[in-house]
Each structure stands twice: as structure tokens, then as C-alpha cells.
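Take a look at the structure below.
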Amino acid sequence: MGRGPTASSTIGRSGLLLRSSVAALLAGSISASSYLPLYVRAGRGAGPGLTAWSLVFFVMGWTSGANLSSRLLDRMDHRAIVTRGFLVSIFGITSIAVLTGVNAPLPAIFAAFFVAGIGAGGVTNASLTLLRELTDDHEVGRAVSAHQFMRNQGFTIGAALGGTVLLFVVGNAVGDVEIVRDLLGGGDAAAALSPDVAAAVRRGYATATAIGAVVATVGFLPLLALRRHLDADGRMIEDPATVPAAVG
């Protein structure tokens with residue numbers, strides 16, 4: 001059964017809010033994870049083996065979060081899963097920013113990446129299910145395509161944001177980013193890095209992760225606004241201004 005124009009407009013706003021939240025969370029996550037190997041190798045002086053394995057923790061967390069959310073979808077409200085996953089991921093990204101800022105031991109940083117991955121994996125999985133609930137059957141294909149597009153934009157923006165901040169800080173600190181570019185291009189110049197360059201990489205990465213944490217936190221705001229478009233049972237409401245915000 002079709003919905004009226006007011007409800008369709010509400011559905012459109014709800015989908016946009018959900019997509020924006022997911023894109024912001026992914027941008028914040030990817031701005032940190034994309035340059036973790038560079039930080040580990042050039043900033044902390046780790047060997048090629050540890051550098052190569054550094055991203056495994058975020059990926060394992062992501063997979064664990066996606067699997068966990070799938071199991072919880074039959075038991076919990078989808079909005080609650082997305083909200084809690086968001087908070088877990090923000091906590092993880094913020095922890096990464098703090099830990100890298102104080103040069104904490106690498107195992108602690110890897111553990112924070114695992115936590116951030118759990119939240120991000122749970123959100124991306126549960127948000128797609130929530131989107132399908134918010135969308136009329138004949139609009140599902142278009143809504144999912146738009147959701148996937150915004151998800152991909154989150155990946156792209158996150159990588160670009162992290163790289164821009166990192167190179168900007170390193171360039172301002174040492175006046176030369178060619179060694180960093182060589183490392184990003186697959187070179188092995190880490191052994192030749194001076195202490196000043198290594199310190200600049202650490203500072204640049206910590207700054208990039210801090211900005212990523214801010215972006216992810218800002219992305220939580222559209223998710224909060226989304227609740228205005230849902231009733232207590234998670235169904236669409238045609239006039240959000242007349243119904244109290246759902247809690248959950």
C-alpha cells in the first residue's frame with residue numbers, strides 16, 4: 001500500500017539523514033585506518049612485518065561487528081543497534097586519537113582500532129537493514145543504491161581527509177613531504193627518516209585521527225534527528241513535528 005506525499009517526503013529525509021550519518025562515520029574511521037601502516041612504519045619505526053599486519057585489527061573488528069549485528073537484528077530494534085554501534089565506533093576513534101597523541105604502545109592502539117572496527121561494521125550492516133524498513137518496496141532499489149553511493153563517498157572523503165592533514169602537518173614541520181610520498185607509494189625510506197620527520201609523521205597522524213573523531217561525532221547528529229521521523233515502534237510518521245522523538 002502506497003504512502004501519501006507527506007510520508008514520502010519524510011521517508012526521503014530519513015534516508016538522507018541515515019546516509020549522511022553512515023558516510024560521516026566511515027570518513028572518520030577511514031581517515032585513521034588508511035594511514036595506520038605509515039604511522040607504524042615511519043612514525044614508530046616498526047618493521048615491515050608488523051606494518052603489514054597493522055590493519056588486521058580494524059578489519060577483524062569490522063567483521064566481528066557485522067556478524068554480531070546480524071545476530072542481534074532479530075532480537076533488538078535496528079535503531080538501537082545502529083546507535084550503539086555508532087557510539088562504540090566514536091569511542092574507538094577517539095581513543096585512537098588520544099593514544100596516538102601520547103605515543104601509547106602499539107598494542108593499545110591496535111586494540112582501539114579493533115573497537116572502532118566493531119562499531120563501524122555493526123553500523124554499516126544494521127543501517128542497511130534499517131534503510132529497507134524505512135523505504136517503500138518499490139523504492140528499495142534506488143534507496144539502497146543511494147546508500148551505497150554515500151557509503152563509498154565516506155571511504156573516499158576519509159582517505160583524502162587523512163592524507164591531506166598528514167601531509168600538511170609534515171610539510172609545515174619539516175618543509176619536505178617527498179619521503180612521506182615515497183612511503184605512501186610503496187617505497188621503503190623509513191630507515192632513512194630523521195627523528196624530526198618521524199616526529200612530524202606522528203604528530204600529523206595524531207592530528208588526522210583527531211579530526212576523524214570530530215567528523216564521526218558530527219555524523220551522530222543526523223542519526224539523532226532521524227528519530228524525529230519514527231514512532232516508538234520504528235514506523236514512519238507523516239508529521240514529525242507533532243510526535244515526540246522516539247527513544248531508543
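If you're wondering about the labels, chains in the C-alpha cells are A, B, ... by order shown, residues count from 1 in each chain, ligands from 1 in order shown.
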
**OP:** Identify, on the basis of only C-alpha atoms, every residue whose closest approach to A:Ala112 does not exceed 8 Å; exclude the query and any residue fewer than 5 positions from it along the same chain; express the result as a PyMOL selection string.
**Re:** chain A and resi 92-93+95-96

Subject >> Who sits within 6 Å of stretch 158-166 of chain A, only C-alpha atoms, same chain under 6 positions skipped, as a ChimeraX atom specification >> reply: /A:27-28,30-31,204-205,208

**OP:** Would you list the contacts of stretch 41-51 of chain A as an MDAnalysis selection string, taking every protein, DNA or RNA residue within 7 Å and counting only C-alpha atoms, but skipping same-chain residues closer than 5 positions in sequence?
**Re:** chainID A and resid 190 198:199 201:202

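One distance worth recording is that between atom CA of A:Gly212 and atom CA of A:Leu55, which is 16.8 Å.
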
Name all residues at most 9 Å from stretch 144-147 of chain A (count only C-alpha atoms; drop same-chain ones fewer than 6 positions away) and give them as a PDB file with N, CA and C atoms, in the first residue's frame.
ATOM      1  N   GLY A  15      15.986   8.835   4.919  1.00  0.00           N
ATOM      2  CA  GLY A  15      17.061   8.152   4.208  1.00  0.00           C
ATOM      3  C   GLY A  15      18.300   9.016   4.091  1.00  0.00           C
ATOM      4  N   LEU A  16      18.102  10.310   3.833  1.00  0.00           N
ATOM      5  CA  LEU A  16      19.236  11.224   3.720  1.00  0.00           C
ATOM      6  C   LEU A  16      19.970  11.348   5.045  1.00  0.00           C
ATOM      7  N   LEU A  18      20.096   9.128   7.455  1.00  0.00           N
ATOM      8  CA  LEU A  18      20.807   7.878   7.723  1.00  0.00           C
ATOM      9  C   LEU A  18      22.063   7.768   6.871  1.00  0.00           C
ATOM     10  N   ARG A  19      21.941   8.092   5.590  1.00  0.00           N
ATOM     11  CA  ARG A  19      23.110   8.025   4.697  1.00  0.00           C
ATOM     12  C   ARG A  19      24.198   8.986   5.133  1.00  0.00           C
ATOM     13  N   SER A  20      23.814  10.188   5.548  1.00  0.00           N
ATOM     14  CA  SER A  20      24.793  11.179   5.972  1.00  0.00           C
ATOM     15  C   SER A  20      25.548  10.715   7.211  1.00  0.00           C
ATOM     16  N   VAL A  22      26.080   7.561   8.233  1.00  0.00           N
ATOM     17  CA  VAL A  22      26.987   6.463   7.890  1.00  0.00           C
ATOM     18  C   VAL A  22      28.209   6.980   7.150  1.00  0.00           C
ATOM     19  N   ALA A  23      28.016   7.910   6.202  1.00  0.00           N
ATOM     20  CA  ALA A  23      29.136   8.459   5.449  1.00  0.00           C
ATOM     21  C   ALA A  23      30.120   9.178   6.368  1.00  0.00           C
ATOM     22  N   LEU A 128      21.826  -0.660   6.779  1.00  0.00           N
ATOM     23  CA  LEU A 128      21.228  -1.090   5.519  1.00  0.00           C
ATOM     24  C   LEU A 128      19.885  -1.775   5.771  1.00  0.00           C
ATOM     25  N   LEU A 131      17.433   0.954   6.646  1.00  0.00           N
ATOM     26  CA  LEU A 131      17.033   1.691   5.455  1.00  0.00           C
ATOM     27  C   LEU A 131      15.919   0.973   4.710  1.00  0.00           C
ATOM     28  N   ARG A 132      16.023  -0.333   4.615  1.00  0.00           N
ATOM     29  CA  ARG A 132      14.981  -1.105   3.927  1.00  0.00           C
ATOM     30  C   ARG A 132      13.653  -1.020   4.661  1.00  0.00           C
TER      31      ARG A 132
END

Wanna dump the stretch 13-67 of chain A-stretch 222-226 of chain A contacts at 6 Å for me, each residue with its shortest atom pair and the distance in Å to one decimal, counting only C-alpha atoms, ordered by chain and number, as JSON lines?
{"residue": "A:Ser14", "atom": "CA", "partner": "A:Leu226", "partner_atom": "CA", "distance": 5.7}
{"residue": "A:Leu17", "atom": "CA", "partner": "A:Pro222", "partner_atom": "CA", "distance": 5.1}
{"residue": "A:Ser21", "atom": "CA", "partner": "A:Pro222", "partner_atom": "CA", "distance": 5.8}

Subject >> Contacts of A:Ala213 at 8 Å (only C-alpha atoms; same-chain gap of 4+ positions) as a count of residues only >> reply: 8

Neighbour list for stretch 72-86 of chain A as a PDB file with N, CA and C atoms, in the first residue's frame, cut-off 8 Å, only C-alpha atoms, skip fewer than 2 positions in-chain:
ATOM      1  N   LEU A  25      30.584   8.669   9.617  1.00  0.00           N
ATOM      2  CA  LEU A  25      31.275   7.688  10.455  1.00  0.00           C
ATOM      3  C   LEU A  25      32.386   6.991   9.682  1.00  0.00           C
ATOM      4  N   LEU A  68      28.115  -9.697  14.530  1.00  0.00           N
ATOM      5  CA  LEU A  68      27.364  -9.512  15.777  1.00  0.00           C
ATOM      6  C   LEU A  68      26.047  -8.797  15.519  1.00  0.00           C
ATOM      7  N   SER A  69      26.080  -7.754  14.696  1.00  0.00           N
ATOM      8  CA  SER A  69      24.849  -7.017  14.409  1.00  0.00           C
ATOM      9  C   SER A  69      23.842  -7.895  13.681  1.00  0.00           C
ATOM     10  N   SER A  70      24.323  -8.784  12.826  1.00  0.00           N
ATOM     11  CA  SER A  70      23.420  -9.702  12.123  1.00  0.00           C
ATOM     12  C   SER A  70      22.683 -10.608  13.105  1.00  0.00           C
ATOM     13  N   VAL A  88      30.052   3.089  19.942  1.00  0.00           N
ATOM     14  CA  VAL A  88      31.248   2.253  20.099  1.00  0.00           C
ATOM     15  C   VAL A  88      32.341   2.714  19.144  1.00  0.00           C
ATOM     16  N   SER A  89      31.966   3.009  17.900  1.00  0.00           N
ATOM     17  CA  SER A  89      32.954   3.435  16.915  1.00  0.00           C
ATOM     18  C   SER A  89      33.550   4.793  17.272  1.00  0.00           C
ATOM     19  N   ILE A  90      32.704   5.728  17.710  1.00  0.00           N
ATOM     20  CA  ILE A  90      33.208   7.044  18.121  1.00  0.00           C
ATOM     21  C   ILE A  90      34.182   6.894  19.286  1.00  0.00           C
ATOM     22  N   ILE A 118      34.612  -2.734  15.247  1.00  0.00           N
ATOM     23  CA  ILE A 118      33.369  -3.379  15.694  1.00  0.00           C
ATOM     24  C   ILE A 118      32.188  -2.429  15.489  1.00  0.00           C
ATOM     25  N   GLY A 119      32.355  -1.182  15.921  1.00  0.00           N
ATOM     26  CA  GLY A 119      31.272  -0.216  15.771  1.00  0.00           C
ATOM     27  C   GLY A 119      30.939   0.075  14.329  1.00  0.00           C
ATOM     28  N   ALA A 120      31.966   0.292  13.501  1.00  0.00           N
ATOM     29  CA  ALA A 120      31.734   0.618  12.098  1.00  0.00           C
ATOM     30  C   ALA A 120      31.073  -0.548  11.359  1.00  0.00           C
ATOM     31  N   GLY A 121      31.539  -1.764  11.621  1.00  0.00           N
ATOM     32  CA  GLY A 121      30.938  -2.928  10.976  1.00  0.00           C
ATOM     33  C   GLY A 121      29.492  -3.123  11.380  1.00  0.00           C
ATOM     34  N   GLY A 122      29.204  -2.907  12.659  1.00  0.00           N
ATOM     35  CA  GLY A 122      27.824  -3.037  13.122  1.00  0.00           C
ATOM     36  C   GLY A 122      26.916  -1.992  12.514  1.00  0.00           C
ATOM     37  N   VAL A 123      27.398  -0.752  12.416  1.00  0.00           N
ATOM     38  CA  VAL A 123      26.583   0.335  11.870  1.00  0.00           C
ATOM     39  C   VAL A 123      26.289   0.105  10.392  1.00  0.00           C
ATOM     40  N   ALA A 126      23.716  -2.902  10.073  1.00  0.00           N
ATOM     41  CA  ALA A 126      22.375  -2.647  10.596  1.00  0.00           C
ATOM     42  C   ALA A 126      21.702  -1.468   9.901  1.00  0.00           C
ATOM     43  N   SER A 127      22.485  -0.487   9.451  1.00  0.00           N
ATOM     44  CA  SER A 127      21.886   0.680   8.801  1.00  0.00           C
ATOM     45  C   SER A 127      21.240   0.310   7.470  1.00  0.00           C
ATOM     46  N   THR A 129      19.805  -2.557   6.827  1.00  0.00           N
ATOM     47  CA  THR A 129      18.532  -3.190   7.187  1.00  0.00           C
ATOM     48  C   THR A 129      17.512  -2.143   7.607  1.00  0.00           C
ATOM     49  N   LEU A 130      17.948  -1.156   8.380  1.00  0.00           N
ATOM     50  CA  LEU A 130      17.056  -0.081   8.809  1.00  0.00           C
ATOM     51  C   LEU A 130      16.555   0.709   7.607  1.00  0.00           C
ATOM     52  N   PHE A 220      26.952  11.753  14.160  1.00  0.00           N
ATOM     53  CA  PHE A 220      25.942  11.218  15.071  1.00  0.00           C
ATOM     54  C   PHE A 220      24.713  12.123  15.144  1.00  0.00           C
ATOM     55  N   LEU A 223      21.824  11.178  12.911  1.00  0.00           N
ATOM     56  CA  LEU A 223      21.191   9.961  13.429  1.00  0.00           C
ATOM     57  C   LEU A 223      20.216  10.306  14.545  1.00  0.00           C
ATOM     58  N   GLY A 234       9.276   2.357  15.618  1.00  0.00           N
ATOM     59  CA  GLY A 234      10.157   2.419  14.473  1.00  0.00           C
ATOM     60  C   GLY A 234       9.446   2.615  13.158  1.00  0.00           C
ATOM     61  N   GLY A 248      15.422   5.345  21.849  1.00  0.00           N
ATOM     62  CA  GLY A 248      15.953   4.009  21.603  1.00  0.00           C
ATOM     63  C   GLY A 248      17.128   4.049  20.704  1.00  0.00           C
TER      64      GLY A 248
END
